[in-house]
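**Q** final-v5.cif is reproduced in full below (mmCIF, C-alpha atoms).
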```
data_entry
loop_
_atom_site.group_PDB
_atom_site.id
_atom_site.type_symbol
_atom_site.label_atom_id
_atom_site.label_comp_id
_atom_site.auth_asym_id
_atom_site.auth_seq_id
_atom_site.Cartn_x
_atom_site.Cartn_y
_atom_site.Cartn_z
ATOM 1 C CA MET A 1 80.918 93.471 102.599
ATOM 2 C CA LEU A 2 81.918 91.220 105.498
ATOM 3 C CA VAL A 3 85.551 90.288 106.106
ATOM 4 C CA ARG A 4 87.451 88.097 108.541
ATOM 5 C CA LEU A 5 90.892 89.131 109.736
ATOM 6 C CA THR A 6 93.159 86.897 111.811
ATOM 7 C CA TYR A 7 96.366 88.134 113.400
ATOM 8 C CA ALA A 8 98.925 87.034 115.962
ATOM 9 C CA SER A 9 101.119 89.171 118.155
ATOM 10 C CA ARG A 10 103.453 88.861 121.079
ATOM 11 C CA ALA A 11 102.621 90.644 124.287
ATOM 12 C CA ALA A 12 104.946 93.587 124.907
ATOM 13 C CA ALA A 13 104.891 92.643 128.612
ATOM 14 C CA PRO A 14 103.770 89.417 130.309
ATOM 15 C CA LEU A 15 99.993 89.134 130.091
ATOM 16 C CA THR A 16 98.247 89.522 133.393
ATOM 17 C CA GLN A 17 94.587 88.856 134.036
ATOM 18 C CA ALA A 18 94.107 92.625 134.383
ATOM 19 C CA ILE A 19 95.544 93.326 130.915
ATOM 20 C CA VAL A 20 93.411 90.642 129.281
ATOM 21 C CA ALA A 21 90.320 91.796 131.193
ATOM 22 C CA ASP A 22 90.922 95.375 130.024
ATOM 23 C CA ILE A 23 91.241 94.303 126.389
ATOM 24 C CA LEU A 24 88.085 92.201 126.622
ATOM 25 C CA GLU A 25 86.131 94.991 128.350
ATOM 26 C CA GLN A 26 87.143 97.504 125.665
ATOM 27 C CA SER A 27 86.270 95.026 122.913
ATOM 28 C CA ARG A 28 82.893 94.157 124.381
ATOM 29 C CA ARG A 29 82.045 97.825 124.812
ATOM 30 C CA ASN A 30 83.264 99.107 121.425
ATOM 31 C CA ASN A 31 82.898 96.214 118.978
ATOM 32 C CA PRO A 32 79.088 96.035 118.882
ATOM 33 C CA LEU A 33 78.946 99.731 117.985
ATOM 34 C CA ALA A 34 81.278 99.058 115.032
ATOM 35 C CA GLY A 35 79.521 95.830 114.009
ATOM 36 C CA ILE A 36 82.594 93.748 114.871
ATOM 37 C CA SER A 37 82.506 90.265 116.360
ATOM 38 C CA GLY A 38 85.350 87.911 117.115
ATOM 39 C CA ILE A 39 87.429 85.862 119.449
ATOM 40 C CA LEU A 40 90.600 86.580 121.423
ATOM 41 C CA CYS A 41 93.015 83.820 122.344
ATOM 42 C CA THR A 42 95.859 84.352 124.777
ATOM 43 C CA SER A 43 98.680 82.105 125.885
ATOM 44 C CA GLY A 44 100.452 84.223 128.477
ATOM 45 C CA VAL A 45 102.855 85.760 125.961
ATOM 46 C CA GLN A 46 100.918 85.696 122.693
ATOM 47 C CA PHE A 47 97.652 86.881 121.244
ATOM 48 C CA VAL A 48 95.649 85.446 118.385
ATOM 49 C CA GLN A 49 92.544 87.327 117.458
ATOM 50 C CA VAL A 50 89.893 86.948 114.801
ATOM 51 C CA LEU A 51 87.869 90.009 113.863
ATOM 52 C CA GLU A 52 84.755 89.883 111.677
ATOM 53 C CA GLY A 53 82.660 92.710 110.332
ATOM 54 C CA GLY A 54 82.632 95.344 107.625
ATOM 55 C CA ARG A 55 85.916 95.860 105.795
ATOM 56 C CA ASP A 56 86.520 99.443 106.950
ATOM 57 C CA PRO A 57 85.741 98.925 110.673
ATOM 58 C CA VAL A 58 87.827 95.715 110.799
ATOM 59 C CA CYS A 59 90.787 97.334 109.026
ATOM 60 C CA GLU A 60 90.586 100.413 111.259
ATOM 61 C CA LEU A 61 90.546 98.254 114.385
ATOM 62 C CA TYR A 62 93.488 96.187 113.127
ATOM 63 C CA ASN A 63 95.471 99.379 112.497
ATOM 64 C CA ARG A 64 94.782 100.504 116.093
ATOM 65 C CA ILE A 65 95.950 97.107 117.366
ATOM 66 C CA VAL A 66 99.187 97.370 115.378
ATOM 67 C CA ARG A 67 99.871 100.713 117.133
ATOM 68 C CA ASP A 68 98.767 99.455 120.582
ATOM 69 C CA PRO A 69 101.793 99.365 122.935
ATOM 70 C CA ARG A 70 100.521 96.131 124.531
ATOM 71 C CA HIS A 71 101.329 94.306 121.269
ATOM 72 C CA SER A 72 104.620 93.631 119.514
ATOM 73 C CA MET A 73 105.401 91.643 116.367
ATOM 74 C CA VAL A 74 101.838 91.939 115.058
ATOM 75 C CA ARG A 75 101.512 89.543 112.106
ATOM 76 C CA LEU A 76 98.580 89.159 109.741
ATOM 77 C CA LEU A 77 97.658 85.465 109.476
ATOM 78 C CA GLY A 78 94.653 85.797 107.220
ATOM 79 C CA PHE A 79 92.265 88.243 105.599
ATOM 80 C CA GLU A 80 89.284 87.145 103.552
ATOM 81 C CA GLU A 81 85.900 88.244 102.338
ATOM 82 C CA ILE A 82 83.180 86.119 103.931
ATOM 83 C CA THR A 83 79.492 85.506 103.331
ATOM 84 C CA GLU A 84 78.694 84.885 107.003
ATOM 85 C CA ARG A 85 80.282 85.298 110.399
ATOM 86 C CA ARG A 86 81.861 82.370 112.198
ATOM 87 C CA PHE A 87 82.084 84.267 115.498
ATOM 88 C CA GLY A 88 78.866 86.266 115.323
ATOM 89 C CA GLY A 89 77.759 85.135 118.776
ATOM 90 C CA TRP A 90 80.510 87.067 120.542
ATOM 91 C CA SER A 91 81.337 90.747 120.748
ATOM 92 C CA MET A 92 84.625 89.185 121.838
ATOM 93 C CA GLY A 93 84.847 85.580 122.968
ATOM 94 C CA GLN A 94 87.945 84.427 124.824
ATOM 95 C CA VAL A 95 90.074 81.303 124.874
ATOM 96 C CA ASP A 96 92.922 80.818 127.353
ATOM 97 C CA LEU A 97 95.297 78.650 125.336
ATOM 98 C CA VAL A 98 97.356 77.805 128.412
ATOM 99 C CA ARG A 99 94.458 75.545 129.471
ATOM 100 C CA VAL A 100 94.133 73.748 126.117
ATOM 101 C CA ASN A 101 95.092 70.074 125.933
ATOM 102 C CA PRO A 102 98.618 69.866 124.430
ATOM 103 C CA ALA A 103 97.471 66.969 122.223
ATOM 104 C CA LEU A 104 95.045 69.325 120.490
ATOM 105 C CA LEU A 105 97.828 71.854 119.903
ATOM 106 C CA LEU A 106 100.011 69.084 118.470
ATOM 107 C CA LYS A 107 97.217 68.206 116.038
ATOM 108 C CA TYR A 108 97.595 71.620 114.363
ATOM 109 C CA GLY A 109 101.265 72.428 114.934
ATOM 110 C CA ASP A 110 104.697 70.876 114.945
ATOM 111 C CA THR A 111 104.934 70.929 118.757
ATOM 112 C CA ALA A 112 102.514 70.711 121.677
ATOM 113 C CA GLU A 113 103.067 74.407 122.412
ATOM 114 C CA PHE A 114 100.916 77.077 120.848
ATOM 115 C CA ASN A 115 102.916 79.085 118.308
ATOM 116 C CA PRO A 116 100.790 80.927 115.743
ATOM 117 C CA PHE A 117 103.970 82.309 114.151
ATOM 118 C CA ALA A 118 105.003 78.795 113.108
ATOM 119 C CA THR A 119 101.653 77.583 111.759
ATOM 120 C CA SER A 120 99.508 78.648 108.864
ATOM 121 C CA GLY A 121 96.510 80.894 109.262
ATOM 122 C CA ARG A 122 94.371 78.009 108.027
ATOM 123 C CA ALA A 123 95.697 75.681 110.764
ATOM 124 C CA THR A 124 95.103 78.381 113.381
ATOM 125 C CA MET A 125 91.501 78.777 112.203
ATOM 126 C CA ALA A 126 90.993 74.998 112.309
ATOM 127 C CA LEU A 127 92.244 74.961 115.901
ATOM 128 C CA LEU A 128 89.833 77.762 116.807
ATOM 129 C CA ASP A 129 86.940 75.911 115.165
ATOM 130 C CA GLU A 130 87.745 72.837 117.235
ATOM 131 C CA LEU A 131 88.001 74.881 120.428
ATOM 132 C CA ILE A 132 84.581 76.379 119.730
ATOM 133 C CA SER A 133 83.126 72.920 119.096
ATOM 134 C CA ALA A 134 84.637 71.720 122.367
ATOM 135 C CA GLY A 135 83.085 74.604 124.307
ATOM 136 C CA ALA A 136 86.436 76.195 125.194
ATOM 137 C CA VAL A 137 85.232 79.763 124.555
ATOM 138 C CA ILE A 138 84.890 81.734 127.784
ATOM 139 C CA THR A 139 82.441 84.517 128.532
ATOM 140 C CA ARG A 140 79.977 84.361 125.704
ATOM 141 C CA VAL A 141 78.532 87.793 125.303
ATOM 142 C CA PRO A 142 75.866 88.265 122.626
ATOM 143 C CA GLN A 143 76.927 90.625 119.875
ATOM 144 C CA ILE A 144 74.815 93.338 118.259
#
```
Show how you would write the structure in this file as structure tokens.
**A**
Amino acid sequence: MLVRLTYASRAAAPLTQAIVADILEQSRRNNPLAGISGILCTSGVQFVQVLEGGRDPVCELYNRIVRDPRHSMVRLLGFEEITERRFGGWSMGQVDLVRVNPALLLKYGDTAEFNPFATSGRATMALLDELISAGAVITRVPQI
């Protein structure tokens, strides 16, 4: 059974390129082995991540993320059973939300600043869909 899990968290320390690169490298190395695909969005102080795959591997990865000292205030935005992957093309795609047009952020939130804690999981997913359509995903790496 495939599932999709979406969460948001605040960075425990300011996100540097090295921290994000380390997370992406770990994800791209480990996720294909677990059958997990997804996308990671960062905004300098926040993470939003979508994980897709089998229920047990996705839940186990989420539990590791909750315990990861790089994250604080980890909040589940959505969890659903799915019939197909939306992010199957990436072992872990990346979007730098600092570079996103503020007008697009305003379309899905109450301000032009990205705040996944103040929007619904559905609105966050709609924003991600639009970013994918606009080609904003960085470093496409084929999954499995």
**Q** Can you pull out every residue within 12 Å of range 61-76 of chain A, counting all atoms listed in the file, but drop anything in the same chain fewer than 4 positions away, and send it as a VMD selection string?
**A** chain A and resid 4 to 16 19 to 20 22 to 23 26 to 27 30 to 31 34 to 38 42 45 to 57 80 116 to 121 124
**Q** Take the residues that were just selected and, keeping C-alpha atoms, output them as a PDB file, in the coordinates of the input.
**A**
```
ATOM      1  CA  ARG A   4      87.451  88.097 108.541  1.00  0.00           C
ATOM      2  CA  LEU A   5      90.892  89.131 109.736  1.00  0.00           C
ATOM      3  CA  THR A   6      93.159  86.897 111.811  1.00  0.00           C
ATOM      4  CA  TYR A   7      96.366  88.134 113.400  1.00  0.00           C
ATOM      5  CA  ALA A   8      98.925  87.034 115.962  1.00  0.00           C
ATOM      6  CA  SER A   9     101.119  89.171 118.155  1.00  0.00           C
ATOM      7  CA  ARG A  10     103.453  88.861 121.079  1.00  0.00           C
ATOM      8  CA  ALA A  11     102.621  90.644 124.287  1.00  0.00           C
ATOM      9  CA  ALA A  12     104.946  93.587 124.907  1.00  0.00           C
ATOM     10  CA  ALA A  13     104.891  92.643 128.612  1.00  0.00           C
ATOM     11  CA  PRO A  14     103.770  89.417 130.309  1.00  0.00           C
ATOM     12  CA  LEU A  15      99.993  89.134 130.091  1.00  0.00           C
ATOM     13  CA  THR A  16      98.247  89.522 133.393  1.00  0.00           C
ATOM     14  CA  ILE A  19      95.544  93.326 130.915  1.00  0.00           C
ATOM     15  CA  VAL A  20      93.411  90.642 129.281  1.00  0.00           C
ATOM     16  CA  ASP A  22      90.922  95.375 130.024  1.00  0.00           C
ATOM     17  CA  ILE A  23      91.241  94.303 126.389  1.00  0.00           C
ATOM     18  CA  GLN A  26      87.143  97.504 125.665  1.00  0.00           C
ATOM     19  CA  SER A  27      86.270  95.026 122.913  1.00  0.00           C
ATOM     20  CA  ASN A  30      83.264  99.107 121.425  1.00  0.00           C
ATOM     21  CA  ASN A  31      82.898  96.214 118.978  1.00  0.00           C
ATOM     22  CA  ALA A  34      81.278  99.058 115.032  1.00  0.00           C
ATOM     23  CA  GLY A  35      79.521  95.830 114.009  1.00  0.00           C
ATOM     24  CA  ILE A  36      82.594  93.748 114.871  1.00  0.00           C
ATOM     25  CA  SER A  37      82.506  90.265 116.360  1.00  0.00           C
ATOM     26  CA  GLY A  38      85.350  87.911 117.115  1.00  0.00           C
ATOM     27  CA  THR A  42      95.859  84.352 124.777  1.00  0.00           C
ATOM     28  CA  VAL A  45     102.855  85.760 125.961  1.00  0.00           C
ATOM     29  CA  GLN A  46     100.918  85.696 122.693  1.00  0.00           C
ATOM     30  CA  PHE A  47      97.652  86.881 121.244  1.00  0.00           C
ATOM     31  CA  VAL A  48      95.649  85.446 118.385  1.00  0.00           C
ATOM     32  CA  GLN A  49      92.544  87.327 117.458  1.00  0.00           C
ATOM     33  CA  VAL A  50      89.893  86.948 114.801  1.00  0.00           C
ATOM     34  CA  LEU A  51      87.869  90.009 113.863  1.00  0.00           C
ATOM     35  CA  GLU A  52      84.755  89.883 111.677  1.00  0.00           C
ATOM     36  CA  GLY A  53      82.660  92.710 110.332  1.00  0.00           C
ATOM     37  CA  GLY A  54      82.632  95.344 107.625  1.00  0.00           C
ATOM     38  CA  ARG A  55      85.916  95.860 105.795  1.00  0.00           C
ATOM     39  CA  ASP A  56      86.520  99.443 106.950  1.00  0.00           C
ATOM     40  CA  PRO A  57      85.741  98.925 110.673  1.00  0.00           C
ATOM     41  CA  GLU A  80      89.284  87.145 103.552  1.00  0.00           C
ATOM     42  CA  PRO A 116     100.790  80.927 115.743  1.00  0.00           C
ATOM     43  CA  PHE A 117     103.970  82.309 114.151  1.00  0.00           C
ATOM     44  CA  ALA A 118     105.003  78.795 113.108  1.00  0.00           C
ATOM     45  CA  THR A 119     101.653  77.583 111.759  1.00  0.00           C
ATOM     46  CA  SER A 120      99.508  78.648 108.864  1.00  0.00           C
ATOM     47  CA  GLY A 121      96.510  80.894 109.262  1.00  0.00           C
ATOM     48  CA  THR A 124      95.103  78.381 113.381  1.00  0.00           C
TER      49      THR A 124
END
```
**Q** Report, in Å to a single decimal, how far apart CA of Asp129 in chain A and CA of Phe87 in chain A are.
**A**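 So the answer is 9.7 Å.
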**Q** One decimal, in Å: what's the spacing between CA of Leu104 in chain A and CA of Ile132 in chain A?
**A** 12.6 Å
**Q** Have a look at A:Leu2, A:Leu97, A:Ile82, A:Leu33 and name the one nearest to Leu128 in chain A; count all atoms listed in the file.
**A**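 So, comparing all the options, the nearest one is A:Leu97.
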**Q** Return the single residue from A:Met125, A:Cys41, A:Glu81, A:Cys59 that is closest to Val98 in chain A, with distances computed using only C-alpha atoms.
**A**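 Of the candidates, the smallest distance to Val98 in chain A is held by A:Cys41.
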